[in-house]
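Novice: You'll find input11.txt just under this line, and it carries compact mmCIF, C-alpha atoms.
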```
# COMPACT_ATOMS: atom_id res chain seq x y z
CA MET A 11 -15.47 6.92 -50.35
CA SER A 12 -15.91 3.53 -48.77
CA ARG A 13 -16.95 3.17 -45.16
CA MET A 14 -15.58 0.45 -42.92
CA ASN A 15 -17.42 -0.38 -39.74
CA PHE A 16 -15.78 -1.49 -36.51
CA PRO A 17 -18.88 -2.39 -34.57
CA PHE A 18 -16.92 -4.35 -31.98
CA LEU A 19 -14.30 -1.69 -31.24
CA PRO A 20 -16.33 0.13 -28.56
CA VAL A 21 -17.27 -3.17 -26.94
CA LEU A 22 -13.66 -4.36 -27.00
CA VAL A 23 -12.35 -1.13 -25.46
CA ARG A 24 -15.12 -1.15 -22.87
CA CYS A 25 -14.44 -4.76 -21.87
CA GLY A 26 -10.67 -4.19 -21.85
CA VAL A 27 -10.85 -1.08 -19.68
CA ALA A 28 -13.36 -2.72 -17.33
CA ALA A 29 -11.25 -5.89 -17.04
CA LEU A 30 -8.14 -3.85 -16.20
CA LEU A 31 -9.93 -1.80 -13.55
CA LEU A 32 -11.45 -4.94 -12.03
CA ALA A 33 -8.08 -6.73 -12.03
CA TYR A 34 -6.32 -3.76 -10.37
CA GLY A 35 -9.04 -3.41 -7.75
CA ILE A 36 -9.21 -7.10 -6.91
CA GLU A 37 -5.41 -7.36 -6.67
CA LYS A 38 -5.26 -4.39 -4.28
CA MET A 39 -8.06 -5.88 -2.18
CA GLY A 40 -5.79 -8.88 -1.60
CA GLY A 41 -3.11 -6.70 0.02
CA LEU A 42 -4.69 -3.62 1.54
CA SER A 43 -1.82 -3.05 3.96
CA ASP A 44 0.69 -3.06 1.09
CA PHE A 45 -1.49 -0.58 -0.76
CA LEU A 46 -1.73 1.59 2.36
CA LYS A 47 2.07 1.65 2.58
CA SER A 48 2.31 2.63 -1.08
CA ILE A 49 -0.08 5.55 -0.84
CA HIS A 50 1.61 6.67 2.38
CA SER A 51 4.94 6.71 0.56
CA TYR A 52 3.58 9.28 -1.93
CA GLY A 53 3.19 11.76 0.91
CA VAL A 54 0.13 13.26 -0.81
CA LEU A 55 -2.36 12.43 1.94
CA PRO A 56 -1.81 13.43 5.58
CA THR A 57 -1.17 10.74 8.22
CA THR A 58 -3.32 12.61 10.74
CA PRO A 59 -6.22 12.26 11.09
CA PRO A 60 -5.53 8.62 10.15
CA TRP A 61 -8.95 7.89 8.66
CA ILE A 62 -8.12 9.85 5.49
CA LEU A 63 -5.23 7.58 4.51
CA ASN A 64 -7.02 4.44 5.74
CA LEU A 65 -10.25 5.23 3.91
CA ALA A 66 -8.24 5.88 0.74
CA ALA A 67 -6.57 2.47 1.13
CA ASN A 68 -9.91 0.75 1.72
CA GLY A 69 -11.78 2.84 -0.87
CA ILE A 70 -9.58 3.15 -3.96
CA PRO A 71 -9.71 -0.61 -4.77
CA ILE A 72 -13.50 -0.42 -4.35
CA LEU A 73 -13.62 2.61 -6.65
CA GLU A 74 -11.72 0.62 -9.28
CA ILE A 75 -13.98 -2.41 -8.95
CA VAL A 76 -17.20 -0.37 -9.00
CA GLY A 77 -15.80 1.73 -11.87
CA GLY A 78 -14.99 -1.41 -13.84
CA LEU A 79 -18.48 -2.86 -13.29
CA PHE A 80 -20.26 0.42 -14.08
CA LEU A 81 -18.29 0.89 -17.30
CA LEU A 82 -18.78 -2.75 -18.28
CA PHE A 83 -22.56 -2.55 -17.92
CA GLY A 84 -22.84 1.02 -19.14
CA TRP A 85 -24.30 2.40 -15.90
CA CYS A 86 -23.77 6.14 -15.38
CA ARG A 87 -21.25 5.89 -18.21
CA ARG A 88 -20.14 9.50 -18.45
CA GLY A 89 -20.12 10.21 -14.74
CA THR A 90 -18.21 7.00 -13.96
CA SER A 91 -15.75 7.65 -16.76
CA ALA A 92 -15.09 11.21 -15.53
CA VAL A 93 -14.45 10.13 -11.92
CA VAL A 94 -12.23 7.19 -12.89
CA ALA A 95 -10.30 9.38 -15.36
CA LEU A 96 -9.77 12.05 -12.69
CA PHE A 97 -8.57 9.42 -10.23
CA LEU A 98 -6.16 7.99 -12.83
CA LEU A 99 -4.84 11.46 -13.60
CA VAL A 100 -4.25 12.32 -9.93
CA PHE A 101 -2.60 8.95 -9.29
CA SER A 102 -0.35 9.32 -12.35
CA VAL A 103 0.72 12.82 -11.28
CA ALA A 104 1.53 11.45 -7.80
CA ILE A 105 3.62 8.67 -9.37
CA PHE A 106 5.42 11.27 -11.52
CA MET A 107 6.14 13.49 -8.51
CA ARG A 108 7.53 10.57 -6.53
CA THR A 109 9.65 9.59 -9.54
CA LEU A 110 11.18 13.08 -9.49
CA ASP A 111 11.93 12.62 -5.76
CA VAL A 112 13.62 9.28 -6.40
CA MET A 113 15.61 10.78 -9.28
CA GLY A 114 16.79 13.56 -6.97
CA GLU A 115 17.82 11.09 -4.28
CA THR A 116 19.50 8.45 -6.39
CA GLY A 117 20.68 10.39 -9.43
CA GLN A 118 19.15 7.75 -11.69
CA ALA A 119 17.80 8.65 -15.12
CA PHE A 120 14.01 8.84 -15.58
CA THR A 121 13.99 5.73 -17.76
CA GLU A 122 15.81 3.69 -15.08
CA ILE A 123 13.43 4.42 -12.21
CA ALA A 124 11.40 1.47 -10.90
CA PHE A 125 9.45 1.19 -7.66
CA ASP A 126 6.28 -0.25 -6.22
CA CYS A 127 3.74 2.42 -7.12
CA GLY A 128 0.90 0.65 -5.32
CA CYS A 129 -0.55 -0.34 -8.65
CA GLY A 130 -0.77 -3.98 -7.64
CA ASN A 131 2.20 -5.46 -9.51
CA GLY A 132 5.14 -4.89 -7.17
CA ASP A 133 8.08 -2.92 -8.59
CA VAL A 134 7.36 -1.51 -12.04
CA ILE A 135 9.38 0.55 -14.53
CA ILE A 136 7.82 3.94 -14.07
CA TRP A 137 7.94 5.40 -17.58
CA GLN A 138 6.17 2.28 -18.84
CA LYS A 139 3.58 2.57 -16.06
CA LEU A 140 2.93 6.23 -16.86
CA LEU A 141 2.55 5.42 -20.56
CA PHE A 142 0.18 2.60 -19.72
CA ASN A 143 -1.84 4.86 -17.41
CA ALA A 144 -2.11 7.43 -20.22
CA ALA A 145 -3.46 4.74 -22.56
CA LEU A 146 -5.89 3.56 -19.88
CA LEU A 147 -7.00 7.14 -19.29
CA LEU A 148 -7.74 7.57 -23.00
CA GLY A 149 -9.60 4.25 -22.98
CA VAL A 150 -11.73 5.31 -20.01
CA LEU A 151 -12.55 8.64 -21.69
CA TYR A 152 -13.36 6.86 -24.97
CA VAL A 153 -15.77 4.50 -23.21
CA GLY A 154 -17.47 7.36 -21.40
CA PHE A 155 -17.52 10.13 -23.98
CA ARG A 156 -17.41 8.58 -27.47
CA PRO A 157 -20.06 10.18 -29.69
CA GLU A 158 -23.23 8.09 -29.60
CA LYS A 159 -24.00 8.25 -33.33
CA GLN A 160 -20.52 8.17 -34.82
CA ARG A 161 -19.61 4.51 -34.66
CA ALA A 162 -18.16 4.05 -38.15
CA ILE A 163 -14.69 5.00 -39.29
CA SER A 164 -14.26 6.34 -42.81
CA VAL A 165 -11.36 4.97 -44.82
CA MET B 288 -26.67 13.85 -25.77
CA THR B 289 -26.58 13.82 -21.98
CA SER B 290 -27.34 17.18 -20.39
CA PRO B 291 -24.83 18.66 -17.94
CA ARG B 292 -27.35 18.12 -15.17
CA SER B 293 -27.65 14.39 -15.82
CA PHE B 294 -23.84 14.19 -16.10
CA TRP B 295 -23.47 15.52 -12.56
CA LYS B 296 -26.21 13.16 -11.40
CA GLU B 297 -24.19 10.28 -12.82
CA VAL B 298 -21.03 11.53 -11.08
CA LEU B 299 -22.93 11.79 -7.82
CA ALA B 300 -24.54 8.35 -8.20
CA PHE B 301 -21.22 6.67 -8.94
CA CYS B 302 -19.44 8.45 -6.06
CA ALA B 303 -22.26 7.58 -3.66
CA VAL B 304 -22.16 3.87 -4.55
CA ALA B 305 -18.34 3.78 -4.37
CA LEU B 306 -18.29 5.63 -1.03
CA LEU B 307 -20.96 3.39 0.51
CA LEU B 308 -19.11 0.26 -0.56
CA ALA B 309 -15.78 1.73 0.64
CA LEU B 310 -17.31 2.36 4.06
CA ALA B 311 -18.83 -1.14 4.08
CA ASN B 312 -15.39 -2.51 3.21
CA SER B 313 -13.83 -0.49 6.03
CA PHE B 314 -16.25 -1.76 8.66
CA LEU B 315 -17.08 -5.29 7.50
CA ASN B 316 -13.89 -6.61 5.91
CA PRO B 317 -11.61 -8.05 8.63
CA SER B 318 -8.49 -7.47 6.54
CA ALA B 319 -9.36 -3.81 5.85
CA MET B 320 -7.48 -0.99 7.54
CA ALA B 321 -9.14 0.25 10.73
CA LEU B 322 -10.17 3.85 10.02
CA GLY B 323 -9.14 5.26 13.40
CA THR B 324 -5.71 3.61 13.63
CA ASN B 325 -2.57 5.58 12.86
CA TYR B 326 -0.38 2.96 11.20
CA PHE B 327 2.47 5.43 10.76
CA PRO B 328 3.11 6.90 14.21
CA GLY B 329 5.84 9.49 14.23
CA SER B 330 5.74 9.85 10.47
CA THR B 331 4.94 13.31 9.13
CA ALA B 332 6.29 12.90 5.63
CA ALA B 333 6.77 10.17 3.09
CA PRO B 334 10.07 8.29 3.53
CA SER B 335 11.44 9.60 0.27
CA GLN B 336 10.52 13.16 1.21
CA ALA B 337 11.97 13.17 4.71
CA LYS B 338 14.50 15.93 5.16
CA SER B 339 16.97 16.36 7.96
CA GLY B 340 16.53 19.55 9.94
CA GLU B 341 19.48 21.68 10.96
CA GLY B 342 21.36 19.97 13.74
CA GLY B 343 19.30 16.84 13.23
CA PRO B 344 20.66 13.42 12.42
CA GLU B 345 22.23 12.93 9.04
CA LEU B 346 19.81 11.00 6.89
CA VAL B 347 21.10 8.07 4.91
CA PRO B 348 19.11 7.63 1.69
CA GLY B 349 17.03 4.46 1.74
CA LYS B 350 17.64 3.87 5.45
CA PRO B 351 14.73 4.74 7.74
CA GLN B 352 15.56 6.91 10.75
CA HIS B 353 14.32 6.08 14.24
CA GLU B 354 14.87 6.69 17.94
CA PHE B 355 15.37 3.09 19.09
CA GLN B 356 18.43 1.03 19.90
CA VAL B 357 19.77 -1.01 17.01
CA ALA B 358 20.40 -4.74 17.06
CA ASP B 359 22.88 -6.00 14.49
CA LEU B 360 23.36 -9.49 13.13
CA GLU B 361 25.83 -10.42 15.89
CA GLU B 362 23.32 -9.36 18.54
CA MET B 363 20.64 -11.44 16.83
CA LYS B 364 22.92 -14.48 16.73
CA ALA B 365 23.75 -14.08 20.41
CA ASP B 366 20.10 -13.74 21.45
CA MET B 367 18.62 -16.42 19.21
CA ALA B 368 18.68 -19.06 21.94
CA PHE B 369 16.64 -16.76 24.21
CA PHE B 370 13.96 -16.16 21.54
CA ARG B 371 13.07 -19.83 21.63
CA GLU B 372 12.39 -19.93 25.36
CA PRO B 373 8.61 -20.17 25.78
CA GLU B 374 8.50 -17.96 28.89
CA GLY B 375 11.69 -15.98 28.24
CA ASP B 376 11.86 -12.20 28.65
CA ILE B 377 13.92 -11.57 25.53
CA LEU B 378 11.50 -11.54 22.62
CA CYS B 379 11.81 -11.18 18.89
CA LEU B 380 8.84 -9.84 16.91
CA ASP B 381 8.20 -10.19 13.19
CA ALA B 382 6.24 -7.11 12.06
CA ARG B 383 5.52 -8.49 8.57
CA SER B 384 2.38 -10.14 7.23
CA PRO B 385 1.33 -13.71 8.17
CA GLU B 386 2.01 -14.83 4.57
CA LEU B 387 5.64 -13.68 4.73
CA TYR B 388 6.02 -15.09 8.24
CA ARG B 389 4.83 -18.51 7.05
CA LYS B 390 7.29 -18.47 4.13
CA GLY B 391 10.24 -17.94 6.45
CA HIS B 392 11.06 -16.12 9.67
CA ILE B 393 13.82 -15.83 12.25
CA PRO B 394 13.55 -18.92 14.49
CA GLY B 395 11.83 -18.11 17.77
CA SER B 396 10.33 -14.86 16.51
CA LEU B 397 6.66 -14.16 17.20
CA LEU B 398 4.31 -12.85 14.53
CA LEU B 399 2.89 -9.40 15.24
CA ASP B 400 1.67 -8.05 11.90
CA HIS B 401 1.83 -4.29 12.38
CA TYR B 402 -1.27 -3.72 10.20
CA HIS B 403 -3.44 -6.20 12.09
CA LYS B 404 -2.06 -5.87 15.61
CA GLU B 405 -5.46 -6.36 17.22
CA LYS B 406 -5.38 -10.05 16.22
CA TYR B 407 -2.15 -10.75 18.09
CA LEU B 408 -1.90 -8.28 20.94
CA PRO B 409 -4.40 -9.81 23.39
CA GLU B 410 -2.24 -12.91 23.60
CA LEU B 411 1.15 -11.21 23.37
CA LEU B 412 0.70 -8.06 25.43
CA PRO B 413 1.29 -9.60 28.90
CA ARG B 414 4.63 -11.01 27.71
CA LEU B 415 5.57 -7.76 25.97
CA GLN B 416 4.86 -5.72 29.08
CA ASN B 417 7.17 -7.92 31.16
CA ALA B 418 9.93 -8.28 28.58
CA ALA B 419 13.49 -7.14 29.27
CA MET B 420 14.25 -6.80 25.57
CA ILE B 421 12.07 -6.80 22.48
CA ILE B 422 13.82 -6.95 19.11
CA ILE B 423 11.59 -6.11 16.17
CA TYR B 424 12.30 -6.71 12.51
CA CYS B 425 10.56 -6.53 9.16
CA ALA B 426 11.75 -6.99 5.60
CA GLY B 427 14.90 -4.87 5.97
CA GLY B 428 16.15 -2.32 3.44
CA ASP B 429 13.77 0.65 3.48
CA CYS B 430 11.03 -1.24 5.35
CA GLU B 431 9.72 0.82 8.26
CA ASP B 432 7.08 -1.52 9.69
CA SER B 433 9.35 -2.57 12.58
CA ILE B 434 9.81 1.09 13.54
CA PHE B 435 6.09 1.86 13.31
CA LEU B 436 5.32 -1.22 15.40
CA ALA B 437 7.87 -0.20 18.04
CA ARG B 438 6.38 3.32 18.21
CA SER B 439 2.89 1.93 18.42
CA LEU B 440 3.91 -0.38 21.31
CA MET B 441 5.56 2.56 23.05
CA TYR B 442 2.79 5.16 22.56
CA GLU B 443 -0.33 2.99 22.70
CA HIS B 444 0.68 0.14 25.01
CA GLU B 445 3.19 1.84 27.31
CA ILE B 446 6.07 -0.47 26.53
CA ASP B 447 9.29 1.14 27.77
CA LYS B 448 11.34 2.60 24.93
CA GLU B 449 14.52 1.20 26.53
CA VAL B 450 13.43 -2.39 25.93
CA LEU B 451 12.56 -1.81 22.26
CA TRP B 452 15.25 -2.62 19.71
CA ILE B 453 15.16 -2.62 15.92
CA TYR B 454 16.97 -5.23 13.86
CA GLU B 455 17.59 -2.95 10.89
CA GLY B 456 19.02 -5.62 8.63
CA GLY B 457 15.71 -7.48 8.74
CA MET B 458 14.96 -10.53 6.66
CA LEU B 459 17.00 -9.13 3.78
CA GLU B 460 20.25 -9.36 5.77
CA TRP B 461 19.24 -12.53 7.63
CA GLU B 462 18.66 -14.43 4.40
CA ALA B 463 21.65 -12.88 2.63
CA GLU B 464 23.88 -14.15 5.46
CA GLY B 465 22.46 -17.66 5.02
CA MET B 466 21.05 -17.76 8.54
CA GLU B 467 18.65 -20.45 9.74
CA LEU B 468 14.98 -19.94 8.83
CA ALA B 469 11.84 -21.30 10.43
CA GLU B 470 8.77 -21.89 8.28
CA GLY B 471 5.07 -22.15 9.06
CA ASN B 472 2.97 -20.59 11.76
CA THR B 473 4.98 -21.66 14.79
CA PRO B 474 7.90 -19.60 16.13
```
Hey, can you dump this file as structure tokens for me?

Specialist:
Amino acid sequence: MSRMNFPFLPVLVRCGVAALLLAYGIEKMGGLSDFLKSIHSYGVLPTTPPWILNLAANGIPILEIVGGLFLLFGWCRRGTSAVVALFLLVFSVAIFMRTLDVMGETGQAFTEIAFDCGCGNGDVIIWQKLLFNAALLLGVLYVGFRPEKQRAISV
Amino acid sequence: MTSPRSFWKEVLAFCAVALLLALANSFLNPSAMALGTNYFPGSTAAPSQAKSGEGGPELVPGKPQHEFQVADLEEMKADMAFFREPEGDILCLDARSPELYRKGHIPGSLLLDHYHKEKYLPELLPRLQNAAMIIIYCAGGDCEDSIFLARSLMYEHEIDKEVLWIYEGGMLEWEAEGMELAEGNTP
């Protein structure tokens, strides 16, 4: 059996995931009020007391930026990966729930739904966004939890 | 292999750094949301989740509900000349962001970004308190910033509800009707 090494794969995934998180965080930082409106529209967080929603708007972009930097430099790799993955999962579930609401209101099919999910890119097609989030989630978990000694793929 | 204990230490370390920086962002970044400000007064549910109670007003999907008087396009056309008067008591407020205001706004309208009111209110408040009519608009469509700004003026700054009007069509209708636009920072 021959063995083929992909020594750069972990580095590529790590850099890709970190770059995406940094880009999302920096983009949100440029429009915090828009992001606040987006997370308010999910109806997941209460509007009173107001600091919960406002801290989430101020803090989630920071979490993405810090998460990107920590994963890039390998600091607290597993812990960072777990928190970022949990955040991505919760956010994706919230997007899915809102999609169901929109479907109920408009009668549109799931594949036709598009709205500004607060992800930093304006209106997006939701099924594509959810698929992308799933891929990003797997990437984050791969960076954080890939086995240390198993870095070669058998072919 | 990392032990479970060191895993939780990593989780804690990451959360602590993120939380500290989030708090620093909240207090030091001038464009951050003020923690104590309710930017959505009168809102208890997300717009898409709002349900009409029995006997309540019939909700129109995509159209925000509110308690203020409504200005339509004809009203806006009729009042436009008054908006431009420097000391007039009929005012038009743009509740959108400064970037959108600069790109194009209703001539004579004054910028009062709902999410950074503290920057504009010291200068505007005396005029608002003496105004006979204040028409507020935002992007139009399902935009609610004009409504939240009106509620905030009413609850926090004691502006009489009777003088507060909402131009529901907003910039969406104004531009679609080919109406005159002003650009830049001046009304």

Novice: Hey, which bits of chain B sit within 6 Å of chain A, and for each residue what's the closest pair of atoms and how far apart in Å (one decimal), counting all atoms listed in the file, rows by chain and increasing number, as CSV?

Specialist:
```
residue,atom,partner,partner_atom,distance
B:Phe294,CA,A:Gly89,CA,5.6
B:Glu297,CA,A:Gly89,CA,4.5
B:Val298,CA,A:Gly89,CA,4.0
B:Phe301,CA,A:Thr90,CA,5.9
B:Ala305,CA,A:Leu73,CA,5.4
B:Ala309,CA,A:Gly69,CA,4.4
B:Ser313,CA,A:Asn68,CA,6.0
B:Met320,CA,A:Asn64,CA,5.7
B:Leu322,CA,A:Trp61,CA,4.4
B:Gly323,CA,A:Trp61,CA,5.4
B:Asn325,CA,A:Pro60,CA,5.0
B:Ala332,CA,A:Gly53,CA,5.8
B:Ala333,CA,A:Gly53,CA,4.5
```

Novice: Between atom CA of A:Asp126 and atom CA of A:Lys38, what is the distance in Å, rounded to a tenth?

Specialist: 12.4 Å

Novice: Assuming 3 Å of padding per side, give the centre and edge lengths of the axis-aligned box around every listed atom of stretch 380-394 of chain B, in Å to one decimal and as JSON.

Specialist:
```
{"center_x": 7.6, "center_y": -13.0, "center_z": 10.5, "size_x": 18.5, "size_y": 17.8, "size_z": 18.8}
```

Novice: Atom CA of A:Cys129 and atom CA of B:Leu315, how far apart in Å?

Specialist: 23.6 Å

Novice: Excluding A:Leu32 and any residue of its chain fewer than 3 positions from it, enumerate the residues within 7 Å of it, using all atoms listed in the file, and give them as number ranges by chain.

Specialist: A: 28-29, 35-36, 74-75, 78

Novice: Now that the selection is made, can you save its residues with C-alpha atoms as an mmCIF file, keeping the file's coordinate frame?

Specialist:
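Result file follows (out_4.cif):
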```cif
data_model
loop_
_atom_site.group_PDB
_atom_site.id
_atom_site.type_symbol
_atom_site.label_atom_id
_atom_site.label_comp_id
_atom_site.auth_asym_id
_atom_site.auth_seq_id
_atom_site.Cartn_x
_atom_site.Cartn_y
_atom_site.Cartn_z
ATOM 1 C CA ALA A 28 -13.360 -2.720 -17.330
ATOM 2 C CA ALA A 29 -11.250 -5.890 -17.040
ATOM 3 C CA GLY A 35 -9.040 -3.410 -7.750
ATOM 4 C CA ILE A 36 -9.210 -7.100 -6.910
ATOM 5 C CA GLU A 74 -11.720 0.620 -9.280
ATOM 6 C CA ILE A 75 -13.980 -2.410 -8.950
ATOM 7 C CA GLY A 78 -14.990 -1.410 -13.840
#
```

Novice: Hey, what's within 7 Å of stretch 371-382 of chain B if we count only C-alpha atoms and toss same-chain stuff fewer than 2 positions away? As a PyMOL selection string, please?

Specialist: chain B and resi 367-369+384+395-401+417-425+432-433+436

Novice: Between B:Val357, B:Tyr402, B:Gly391, B:Ala300, which one has atoms that come closest to B:Pro317, using all atoms listed in the file?

Specialist: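 Using all atoms listed in the file, the shortest distance to B:Pro317 belongs to B:Tyr402.
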
Novice: How many Å lie between atom CA of B:Leu415 and atom CA of B:Gly465, rounded to one decimal?

Specialist: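 About the pair atom CA of B:Leu415 and atom CA of B:Gly465: they are 28.7 Å apart.
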
Novice: Need to verify the contact set: A:Pro20, 10 Å, all atoms listed in the file, exclusion of same-chain residues closer than 2 positions in sequence. Can you return it as a VMD selection string?

Specialist: chain A and resid 16 to 18 22 to 26 149 152 to 153 156 161

Novice: For the point (9.0, 0.5, -17.7) in the file's frame, write as a list in words all residues with an atom no more than 10 Å away, counting all atoms listed in the file.

Specialist: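 Within the cut-off we find Phe120, Thr121, Glu122, Ile123, Ala124, Asp133, Val134, Ile135, Ile136, Trp137, Gln138, Lys139, Leu140, Leu141 and Phe142 of chain A.
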
Novice: Ranking B:Lys390, B:Arg383, B:Arg414, B:His403 by minimum distance to B:Ile446 and counting all atoms listed in the file, which one comes first?

Specialist: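 Smallest distance to B:Ile446 is found for B:Arg414.
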